[in-house]
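First comes the structure, then the notes that go with it.
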Amino acid sequence: MLLNINVNVHFQIRAAPCRNVVLYGLEATGKSSISKALLGQLSPADETTSDSEDQLRHAIINSTECVSGRHLLEKTVAEVANIVGWQGKIGRCENLAQLVVELGKMLDRWTTLDDHDTGGKRLALVFDGIDRQREAPPTLLPALARLGEIIPNITVIYIVTSPRPNFLHLPGVPHIHFPAYTKPELLQIISLTEPTPQLPTGKHDTKEVWSRFSTAVYESLSKHSDRDIISFRRVCSRLWPRFIQPILDGSLSPTPFSRLLVANRSLFQNDAVLVPSIISSLPTPSTKSNIQTQIQSQAQTQGLTAQLPHTSRLLLLAAYLASFNPPRTDIIHFMKSATLRRKKKGGGTALTSKTPGVSKNRKISRKLLGPQAFVVERMLAIFHYLREDASVPRKQEGRRRDGMERREDVIGSADLYMAIATLSSLRLLVKLGAANAGDALDGSSRYRVAVGWDVVRSLGRSVGVEVEDYLAD
């Protein structure tokens, strides 16, 4: 493969000179290294070479070292001046027009040093990673592709990863593809990497385990997800310390490898390691992941419960019920005469088939249908009912209907509208309509709740209210 690429590049630059050549392929496939080595062989080894001989010189400009498009142009002029031995003053190069002028002067001076020159001198200008140049002007690539029309003895080589169709806006540009590594080549290259940390049993066992480990990583994770050898090496390096942890602890030995593979099978079942992140996210066993996820969700819910005051929690519960209950069911759930309503075996309100507007065939839970809009007046009416049901003063009723003691009533009157405005500013309640249309706290203003069932259930239990008892079936 490398021999064919060398022949193609040599043919395009030396045997049949052309103006533009595109080298493309995945990262770490040898595009830059092969180009540099081949151009180094074709270029003169020293300055003692006769000027009458056919000469080829090259300048390589790495786009990752240039912070802007102007920096790229300045670096190009400086590299060419160094290659051709320019002794004059180097002018400023702020745009592509000045680049053409400066390169034309330098190459004219270089080619006219020998009176017997037959036009064999040629300059190869290599732009490595030009497709990732930062702050590049939109006409950079098309302008570079037409340098050969103004300067005839120049060849521009573009090293890119995945070129867009006709990205040079010029037909007939030769493309040379650097194919990706096959599985044997990939594993052979990875086996040359020395992993860290090493096994305590020696380098031989480390190399053996690393080779079989990289094969397992390729088959389970990297075969259908990683695009190049860089990402494959990154995944292996991240999983290696956890894979050999049983060996470092002394619980397992490097042989047999199958026991070590079974003990760490959870590493190859979690694809979170494939997602690049600045936060360390090493995979853990599934049971530990589930426990940690539950702990995090509980901590978030408890934090919201602890930060909201008692009145705001009740308002949020009322907003949730107003969003998920149809208005026609309010008379069933929140009337005084419904205090002794009959409960279902699984919770909720027992509704008969004679209730208007209720279908016996509906199977979807109200919690899955999404929140609906409600007016502030309806939410406040539900709030007052929940306030009486959640915290009845002990002097009026010492125990709840289910036999549990009730919370003492909150003394003093809270500013409900201020609490509604606070919940709206926290985006726990979302106002519908235009932002400045009407008074946000008017009784006819329409809102929608923006919290989920888990949060509402935790808030309800913190104030002694089982929200499921008030949700329509």
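Numbering starts fresh at 1 for the residues of each chain in the structure tokens, the chains themselves are lettered A, B, ... in the order given, and ligands are numbered from 1 as they appear.
Once A:Leu386 and its same-chain neighbours fewer than 5 positions away are set aside, His310, Thr311, Arg313, Leu314, Leu315, Leu316, Leu317, Ala318, Ala319, Leu321, His333, Phe334, Met335, Lys336, Thr339, Met379, Leu380, Ala381, Ser391, Val392, Gly460, Val463, Gly464, Val465, Glu466, Val467, Asp469 and Tyr470 of chain A remain within 12 Å of it when counting only C-alpha atoms.
The residue that comes closest to A:Asn166, out of A:Val22, A:Leu103, A:Ala472, A:Leu42 and on the basis of only C-alpha atoms, is A:Val22.
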- Message: Can you pull out every residue from stretch 134-310 of chain A that DSSP, working from the backbone, puts in alpha helix (DSSP H), and format the result as number ranges by chain?
- Response: A: 140-145, 147-150, 183-191, 203-217, 229-243, 245-249, 257-263, 286-307, 310
Shell of 12 Å around A:Leu261, only C-alpha atoms, local chain residues under 6 positions omitted, as a CSV table (one decimal) with N, CA and C atoms, in the first residue's frame:
```
chain,number,residue,atom,x,y,z
A,209,VAL,N,-1.0,-10.0,28.3
A,209,VAL,CA,-2.4,-9.6,28.7
A,209,VAL,C,-2.8,-8.3,27.9
A,212,ARG,N,-4.1,-9.5,24.4
A,212,ARG,CA,-5.4,-10.1,24.4
A,212,ARG,C,-6.5,-9.1,24.8
A,213,PHE,N,-6.1,-8.2,25.7
A,213,PHE,CA,-7.1,-7.2,26.2
A,213,PHE,C,-7.5,-6.2,25.0
A,214,SER,N,-6.5,-5.8,24.2
A,214,SER,CA,-6.8,-4.9,23.1
A,214,SER,C,-7.7,-5.6,22.1
A,215,THR,N,-7.5,-6.9,21.9
A,215,THR,CA,-8.4,-7.6,21.0
A,215,THR,C,-9.8,-7.7,21.5
A,216,ALA,N,-10.0,-7.9,22.8
A,216,ALA,CA,-11.3,-7.9,23.4
A,216,ALA,C,-12.0,-6.5,23.3
A,217,VAL,N,-11.2,-5.5,23.5
A,217,VAL,CA,-11.8,-4.1,23.4
A,217,VAL,C,-12.2,-3.8,21.9
A,220,SER,N,-15.5,-5.8,21.1
A,220,SER,CA,-16.7,-5.5,21.9
A,220,SER,C,-17.1,-4.0,21.7
A,240,TRP,N,-7.7,0.0,30.7
A,240,TRP,CA,-6.6,-0.8,31.2
A,240,TRP,C,-6.4,-0.8,32.7
A,242,ARG,N,-8.5,-0.3,35.1
A,242,ARG,CA,-9.6,-1.0,35.8
A,242,ARG,C,-9.6,-2.5,35.4
A,243,PHE,N,-9.1,-2.8,34.2
A,243,PHE,CA,-9.1,-4.2,33.8
A,243,PHE,C,-8.1,-5.0,34.7
A,244,ILE,N,-7.0,-4.4,35.0
A,244,ILE,CA,-5.9,-5.2,35.7
A,244,ILE,C,-6.0,-5.0,37.2
A,245,GLN,N,-7.1,-4.2,37.7
A,245,GLN,CA,-7.2,-4.0,39.1
A,245,GLN,C,-7.3,-5.3,39.9
A,246,PRO,N,-8.0,-6.3,39.5
A,246,PRO,CA,-8.0,-7.6,40.2
A,246,PRO,C,-6.6,-8.2,40.3
A,247,ILE,N,-5.7,-8.0,39.3
A,247,ILE,CA,-4.4,-8.6,39.4
A,247,ILE,C,-3.6,-7.8,40.4
A,252,LEU,N,-6.8,-12.1,41.4
A,252,LEU,CA,-6.7,-12.9,40.2
A,252,LEU,C,-5.3,-12.9,39.7
A,253,SER,N,-4.9,-13.8,38.9
A,253,SER,CA,-3.6,-13.9,38.3
A,253,SER,C,-3.8,-13.6,36.8
A,254,PRO,N,-2.7,-13.3,36.1
A,254,PRO,CA,-2.8,-13.0,34.7
A,254,PRO,C,-3.3,-14.2,33.8
A,255,THR,N,-3.1,-15.4,34.3
A,255,THR,CA,-3.5,-16.6,33.6
A,255,THR,C,-4.4,-17.4,34.6
A,267,LEU,N,-17.0,-3.9,32.0
A,267,LEU,CA,-16.3,-2.9,31.3
A,267,LEU,C,-16.6,-2.9,29.8
A,268,PHE,N,-16.9,-4.1,29.2
A,268,PHE,CA,-17.1,-4.2,27.8
A,268,PHE,C,-18.6,-4.1,27.5
A,269,GLN,N,-19.5,-3.9,28.5
A,269,GLN,CA,-20.9,-3.8,28.3
A,269,GLN,C,-21.4,-2.3,28.4
```
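In this model, the gap between atom CA of A:Pro179 and atom CA of A:Val126 comes to 20.0 Å.
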- Item | Selected residue of minimal separation from A:Val67 among A:Glu135, A:Glu102, A:Glu79, A:Glu27, counting only C-alpha atoms | A:Glu135
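Closest to A:Ile157 among A:Pro197, A:Pro256, A:Pro17, A:Gly85 is A:Pro17, based on only C-alpha atoms.
The closest residue to A:Pro137, picked from A:His71, A:His384, A:Arg233, A:Lys89 and counting only C-alpha atoms, is A:His71.
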- Task: Name the residues of stretch 75-252 of chain A that fall into strand (DSSP E or B) according to DSSP on the backbone, using the chain letters and numbers of this document, as a VMD selection string.
- Result: chain A and resid 122 to 128 154 to 160 175 to 178
- Item | Nearby residues (only C-alpha atoms) at most 9 Å from A:Ser424, same-chain spacing under 6 positions excluded, as a ChimeraX atom specification | /A:430-431,447
- Item | Residue contacts of stretch 60-66 of chain A (9 Å, only C-alpha atoms) excluding same-chain residues fewer than 4 positions away, as JSON, numbers by chain | {"A": [36, 70, 71, 72, 75, 76, 79, 124, 125, 126, 127, 128, 129, 130, 131, 132, 133, 134]}
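Between A:Arg238 and the candidates A:Ser312, A:Asp389, A:Leu274, A:Leu144, the tightest atom-to-atom separation, counting only C-alpha atoms, involves A:Leu274.
When atom CA of A:Ala373 is paired with atom CA of A:Gly433, their separation reads 10.7 Å.
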- Message: With only C-alpha atoms as the counted atoms, please give the residues lying no more than 10 Å from A:Val100, apart from itself and same-chain residues fewer than 6 positions off, as an MDAnalysis selection string.
- Response: chainID A and resid 77 93 143:144 146:147 150:151
- Item | Residue neighbourhood A:Leu429, 6 Å, only C-alpha atoms, exclusion window fewer than 6 positions, as a list in words | Leu423, Arg448, Val449 and Ala450 of chain A
Output file for the selection above: all heavy atoms, as a PDB file, in the first residue's frame:
```
ATOM      1  N   LEU A 423     -41.869  30.946  41.751  1.00  0.00           N
ATOM      2  CA  LEU A 423     -41.847  29.678  41.021  1.00  0.00           C
ATOM      3  C   LEU A 423     -41.722  29.891  39.519  1.00  0.00           C
ATOM      4  O   LEU A 423     -41.072  29.110  38.817  1.00  0.00           O
ATOM      5  CB  LEU A 423     -43.112  28.880  41.338  1.00  0.00           C
ATOM      6  CG  LEU A 423     -43.265  28.370  42.777  1.00  0.00           C
ATOM      7  CD1 LEU A 423     -44.618  27.698  42.955  1.00  0.00           C
ATOM      8  CD2 LEU A 423     -42.145  27.413  43.135  1.00  0.00           C
ATOM      9  N   ARG A 448     -48.290  26.421  33.006  1.00  0.00           N
ATOM     10  CA  ARG A 448     -48.112  24.989  32.868  1.00  0.00           C
ATOM     11  C   ARG A 448     -46.953  24.576  33.768  1.00  0.00           C
ATOM     12  O   ARG A 448     -45.928  25.269  33.836  1.00  0.00           O
ATOM     13  CB  ARG A 448     -47.816  24.620  31.417  1.00  0.00           C
ATOM     14  CG  ARG A 448     -47.735  23.109  31.185  1.00  0.00           C
ATOM     15  CD  ARG A 448     -47.843  22.780  29.711  1.00  0.00           C
ATOM     16  NE  ARG A 448     -46.892  23.541  28.920  1.00  0.00           N
ATOM     17  CZ  ARG A 448     -47.028  23.750  27.615  1.00  0.00           C
ATOM     18  NH1 ARG A 448     -48.090  23.297  26.983  1.00  0.00           N
ATOM     19  NH2 ARG A 448     -46.119  24.424  26.954  1.00  0.00           N
ATOM     20  N   VAL A 449     -47.114  23.445  34.454  1.00  0.00           N
ATOM     21  CA  VAL A 449     -46.087  22.997  35.383  1.00  0.00           C
ATOM     22  C   VAL A 449     -44.905  22.432  34.606  1.00  0.00           C
ATOM     23  O   VAL A 449     -45.058  21.887  33.513  1.00  0.00           O
ATOM     24  CB  VAL A 449     -46.665  21.954  36.364  1.00  0.00           C
ATOM     25  CG1 VAL A 449     -46.921  20.637  35.658  1.00  0.00           C
ATOM     26  CG2 VAL A 449     -45.743  21.746  37.560  1.00  0.00           C
ATOM     27  N   ALA A 450     -43.699  22.582  35.170  1.00  0.00           N
ATOM     28  CA  ALA A 450     -42.477  22.171  34.480  1.00  0.00           C
ATOM     29  C   ALA A 450     -41.654  21.202  35.310  1.00  0.00           C
ATOM     30  O   ALA A 450     -40.434  21.117  35.140  1.00  0.00           O
ATOM     31  CB  ALA A 450     -41.632  23.396  34.108  1.00  0.00           C
TER      32      ALA A 450
END
```
